[in-house]
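Worksheet: the structure to be examined is printed underneath.
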Amino acid sequence: MENSGNNFIIRSAVLETVAGITSRLPDHSLPEFALTGRSNVGKSSLVNALLLRRSLARVSQEPGKTRTVNFYRVNDAFYLTDLPGYGYAKSAKDTREQWLRMIERYLKGSKQLKAVFQLIDMRHPPTALDIEYSAYLRDLGFPPYYILTKADKLSRNEQAKQQAVIRKALDTDAGRMIPFSSVTKAGREEILSLIKKYLETESE
Ligand SMILES: Nc1nc2c(ncn2[C@@H]2O[C@H](COP(=O)(O)OP(=O)(O)O)[C@@H](O)[C@H]2O)c(=O)[nH]1
Ligand SMILES: [Mg+2]
């Protein structure tokens, strides 16, 4: 790929703002890229892998507690925003409504949001909630890119098979899906290249 992420050097990465349900969203002028998906899908691991930081974002075995939007400022050039995870089996109805309110407030309120990356666990077909949420993102004007996580857990063959299953279920193009592994860092360059393209368009 011509526009390789190879020359995308991470010079700085900080968790700058943690916005809770009642906090005001930060007011700044840098582009934002949102990461979203169900709890435990690998969002925090993705943040760490993209930014080459071992534990900037907290990775946990215990899914489903965070109800905040975390703003990671990168290279003083853009933000990665980590949205609260959805659809964990234990979450009660009111937590789910709280989640939706939080997400909606961010997606509708952010003036700087450029693109949304929806994470899907590559080992399984998308859940009903994944599909519903994906349609919701499209309706809001953010047709997501899909990051298919935990690719390292599948063989090449299985990966190809799962990509086809997921593409069909989400009714999307192969070009919008990026298989990814935070273990091998496969897919990292591709994601950074995409972000870079947006940043270049911005500065034109
Ligand atoms: N093998 C493998 N495990 C992963 C990958 N990404 C995340 N995990 C594991 O999945 C669990 C949840 O990850 P986390 O990043 O905290 O998910 P989050 O809840 O979406 O932020 C942790 O045990 C991670 O180590 C991956 O690409 N490969
Ligand atoms: Mg997390």
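Within each chain, counting starts at residue 1; across the structure tokens, chains are named A, B, ... in the order shown, with ligands numbered 1 upward in that order.
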* To do: Throw together the list of residues within 8 Å of ligand 2, counting only C-alpha atoms and all ligand atoms, and drop it here as a PyMOL selection string.
  => chain A and resi 39-40+42-45+57-60+63+66+82+84-85
Give me a file of those residues, with N, CA and C atoms, as an mmCIF file, in the first residue's frame.
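In the end it all went to result09.cif:
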data_model
loop_
_atom_site.group_PDB
_atom_site.id
_atom_site.type_symbol
_atom_site.label_atom_id
_atom_site.label_comp_id
_atom_site.auth_asym_id
_atom_site.auth_seq_id
_atom_site.Cartn_x
_atom_site.Cartn_y
_atom_site.Cartn_z
ATOM 1 N N SER A 39 -18.412 -5.211 25.145
ATOM 2 C CA SER A 39 -17.414 -5.389 26.192
ATOM 3 C C SER A 39 -16.568 -6.614 25.886
ATOM 4 N N ASN A 40 -15.271 -6.491 26.142
ATOM 5 C CA ASN A 40 -14.372 -7.632 26.017
ATOM 6 C C ASN A 40 -13.946 -7.943 24.582
ATOM 7 N N GLY A 42 -11.976 -6.214 22.770
ATOM 8 C CA GLY A 42 -10.558 -5.885 22.565
ATOM 9 C C GLY A 42 -10.284 -4.417 22.285
ATOM 10 N N LYS A 43 -11.154 -3.523 22.760
ATOM 11 C CA LYS A 43 -10.951 -2.089 22.507
ATOM 12 C C LYS A 43 -9.696 -1.556 23.195
ATOM 13 N N SER A 44 -9.562 -1.854 24.483
ATOM 14 C CA SER A 44 -8.397 -1.357 25.216
ATOM 15 C C SER A 44 -7.109 -1.928 24.624
ATOM 16 N N SER A 45 -7.146 -3.196 24.273
ATOM 17 C CA SER A 45 -5.968 -3.830 23.664
ATOM 18 C C SER A 45 -5.625 -3.164 22.339
ATOM 19 N N ALA A 57 -4.228 1.918 28.090
ATOM 20 C CA ALA A 57 -5.637 1.578 28.319
ATOM 21 C C ALA A 57 -5.693 0.305 29.150
ATOM 22 N N ARG A 58 -6.613 0.268 30.083
ATOM 23 C CA ARG A 58 -6.693 -0.895 30.974
ATOM 24 C C ARG A 58 -7.389 -2.072 30.288
ATOM 25 N N VAL A 59 -6.640 -3.156 30.183
ATOM 26 C CA VAL A 59 -7.195 -4.384 29.603
ATOM 27 C C VAL A 59 -7.701 -5.239 30.748
ATOM 28 N N SER A 60 -8.904 -5.769 30.613
ATOM 29 C CA SER A 60 -9.379 -6.567 31.746
ATOM 30 C C SER A 60 -10.063 -7.848 31.310
ATOM 31 N N PRO A 63 -15.309 -8.075 32.075
ATOM 32 C CA PRO A 63 -15.890 -7.097 31.164
ATOM 33 C C PRO A 63 -16.985 -6.247 31.783
ATOM 34 N N THR A 66 -16.814 -0.205 32.619
ATOM 35 C CA THR A 66 -16.540 1.188 32.263
ATOM 36 C C THR A 66 -17.745 1.863 31.624
ATOM 37 N N ASP A 82 -12.374 6.037 23.164
ATOM 38 C CA ASP A 82 -12.779 4.676 23.524
ATOM 39 C C ASP A 82 -14.148 4.774 24.196
ATOM 40 N N PRO A 84 -17.832 3.387 25.842
ATOM 41 C CA PRO A 84 -18.201 2.273 26.733
ATOM 42 C C PRO A 84 -18.696 1.063 25.949
ATOM 43 N N GLY A 85 -18.358 -0.107 26.413
ATOM 44 C CA GLY A 85 -18.743 -1.352 25.737
ATOM 45 C C GLY A 85 -20.205 -1.685 25.961
#
Report as CSV: every residue of chain A with an atom at most 10 Å from ligand 1, its closest pair of atoms, and their distance in Å to one decimal, counting only C-alpha atoms and all ligand atoms, with rows sorted by chain and ascending residue number.
residue,atom,partner,partner_atom_place_in_ligand_line,distance
A:Leu35,CA,ligand 1,20 (O),9.1
A:Thr36,CA,ligand 1,20 (O),8.0
A:Gly37,CA,ligand 1,20 (O),6.7
A:Arg38,CA,ligand 1,20 (O),6.4
A:Ser39,CA,ligand 1,19 (O),4.2
A:Asn40,CA,ligand 1,19 (O),3.3
A:Val41,CA,ligand 1,20 (O),4.1
A:Gly42,CA,ligand 1,17 (O),3.3
A:Lys43,CA,ligand 1,20 (O),3.7
A:Ser44,CA,ligand 1,15 (O),3.7
A:Ser45,CA,ligand 1,15 (O),3.7
A:Leu46,CA,ligand 1,15 (O),6.4
A:Val47,CA,ligand 1,15 (O),8.0
A:Asn48,CA,ligand 1,15 (O),8.4
A:Ala49,CA,ligand 1,27 (O),9.0
A:Ala57,CA,ligand 1,21 (O),7.8
A:Arg58,CA,ligand 1,16 (O),6.4
A:Val59,CA,ligand 1,16 (O),3.4
A:Ser60,CA,ligand 1,16 (O),4.2
A:Gln61,CA,ligand 1,23 (O),4.7
A:Glu62,CA,ligand 1,16 (O),7.9
A:Pro63,CA,ligand 1,19 (O),5.4
A:Gly64,CA,ligand 1,19 (O),6.7
A:Lys65,CA,ligand 1,19 (O),8.7
A:Thr66,CA,ligand 1,19 (O),8.5
A:Asp82,CA,ligand 1,21 (O),8.3
A:Leu83,CA,ligand 1,21 (O),9.2
A:Pro84,CA,ligand 1,19 (O),8.5
A:Gly85,CA,ligand 1,20 (O),6.4
A:Tyr86,CA,ligand 1,20 (O),9.2
A:Tyr88,CA,ligand 1,19 (O),9.7
A:Leu119,CA,ligand 1,20 (O),8.1
A:Ile120,CA,ligand 1,20 (O),9.6
A:Asp121,CA,ligand 1,6 (N),8.8
A:Met122,CA,ligand 1,27 (O),9.4
A:Leu148,CA,ligand 1,27 (O),8.8
A:Thr149,CA,ligand 1,27 (O),5.3
A:Lys150,CA,ligand 1,27 (O),3.5
A:Ala151,CA,ligand 1,27 (O),6.1
A:Asp152,CA,ligand 1,28 (N),5.7
A:Lys153,CA,ligand 1,1 (N),5.7
A:Leu154,CA,ligand 1,1 (N),9.4
A:Pro179,CA,ligand 1,27 (O),9.4
A:Phe180,CA,ligand 1,27 (O),6.3
A:Ser181,CA,ligand 1,27 (O),3.5
A:Ser182,CA,ligand 1,27 (O),3.8
A:Val183,CA,ligand 1,28 (N),5.2
A:Thr184,CA,ligand 1,27 (O),7.5
A:Lys185,CA,ligand 1,27 (O),7.7
A:Ala186,CA,ligand 1,27 (O),8.7
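Counting only C-alpha atoms, the residue from A:Glu32, A:Glu132, A:Asp173, A:Asp139 that sits nearest to Lys111 of chain A is A:Glu32.
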* **Residue set, segment 49-127 of chain A restricted to strand (DSSP E), as a PyMOL selection string** => chain A and resi 69-74+78-82+113-121
* To do: Tell me which of A:Leu113, A:Val74, A:Ile21, A:Ala135 sits closest to Phe33 of chain A, counting only C-alpha atoms.
  =>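 Smallest distance to Phe33 of chain A is found for A:Leu113.
Taking atom CA of Leu80 of chain A as the reference point, atom CA of Gln162 of chain A is found at 26.9 Å.
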* Asked: Got a sec: who's within 8 Å of Leu170 of chain A, counting only C-alpha atoms, leaving out chain neighbours fewer than 6 positions off, as a list in words?
  ->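 Listing them by chain and then by number gives Pro126, Ile131 and Ser134 of chain A.
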Kindly export the residues of the current selection with C-alpha atoms, as a PDB file, in the first residue's frame.
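The file below, part05.pdb, is the result:
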ATOM      1  CA  PRO A 126     -21.872 -10.656  14.796  1.00  0.00           C
ATOM      2  CA  ILE A 131     -25.913  -5.659  13.731  1.00  0.00           C
ATOM      3  CA  SER A 134     -24.025  -0.970  13.140  1.00  0.00           C
TER       4      SER A 134
END
* To do: Using atom CA of Pro31 of chain A and atom CA of Phe78 of chain A as the two end points, give the distance in Å to one decimal.
  =>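 Those two atoms sit 5.0 Å apart.
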* Name all residues at most 6 Å from Asn70 of chain A (count only C-alpha atoms; drop same-chain ones fewer than 6 positions away) and give them as an NGL selection string. => :A and (17-18 or 81-82)
Please, could you write that set of residues out with N, CA and C atoms as a compact mmCIF listing (two decimals), in the first residue's frame?
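Result saved to selection_0.txt:
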# COMPACT_ATOMS: atom_id res chain seq x y z
N THR A 17 -8.74 12.92 28.77
CA THR A 17 -10.04 13.19 29.40
C THR A 17 -10.82 11.90 29.58
N VAL A 18 -11.42 11.75 30.73
CA VAL A 18 -12.36 10.66 30.97
C VAL A 18 -13.71 11.30 31.23
N THR A 81 -11.06 7.93 20.64
CA THR A 81 -12.01 7.92 21.75
C THR A 81 -12.51 6.50 21.94
N ASP A 82 -12.37 6.04 23.16
CA ASP A 82 -12.78 4.68 23.52
C ASP A 82 -14.15 4.77 24.20
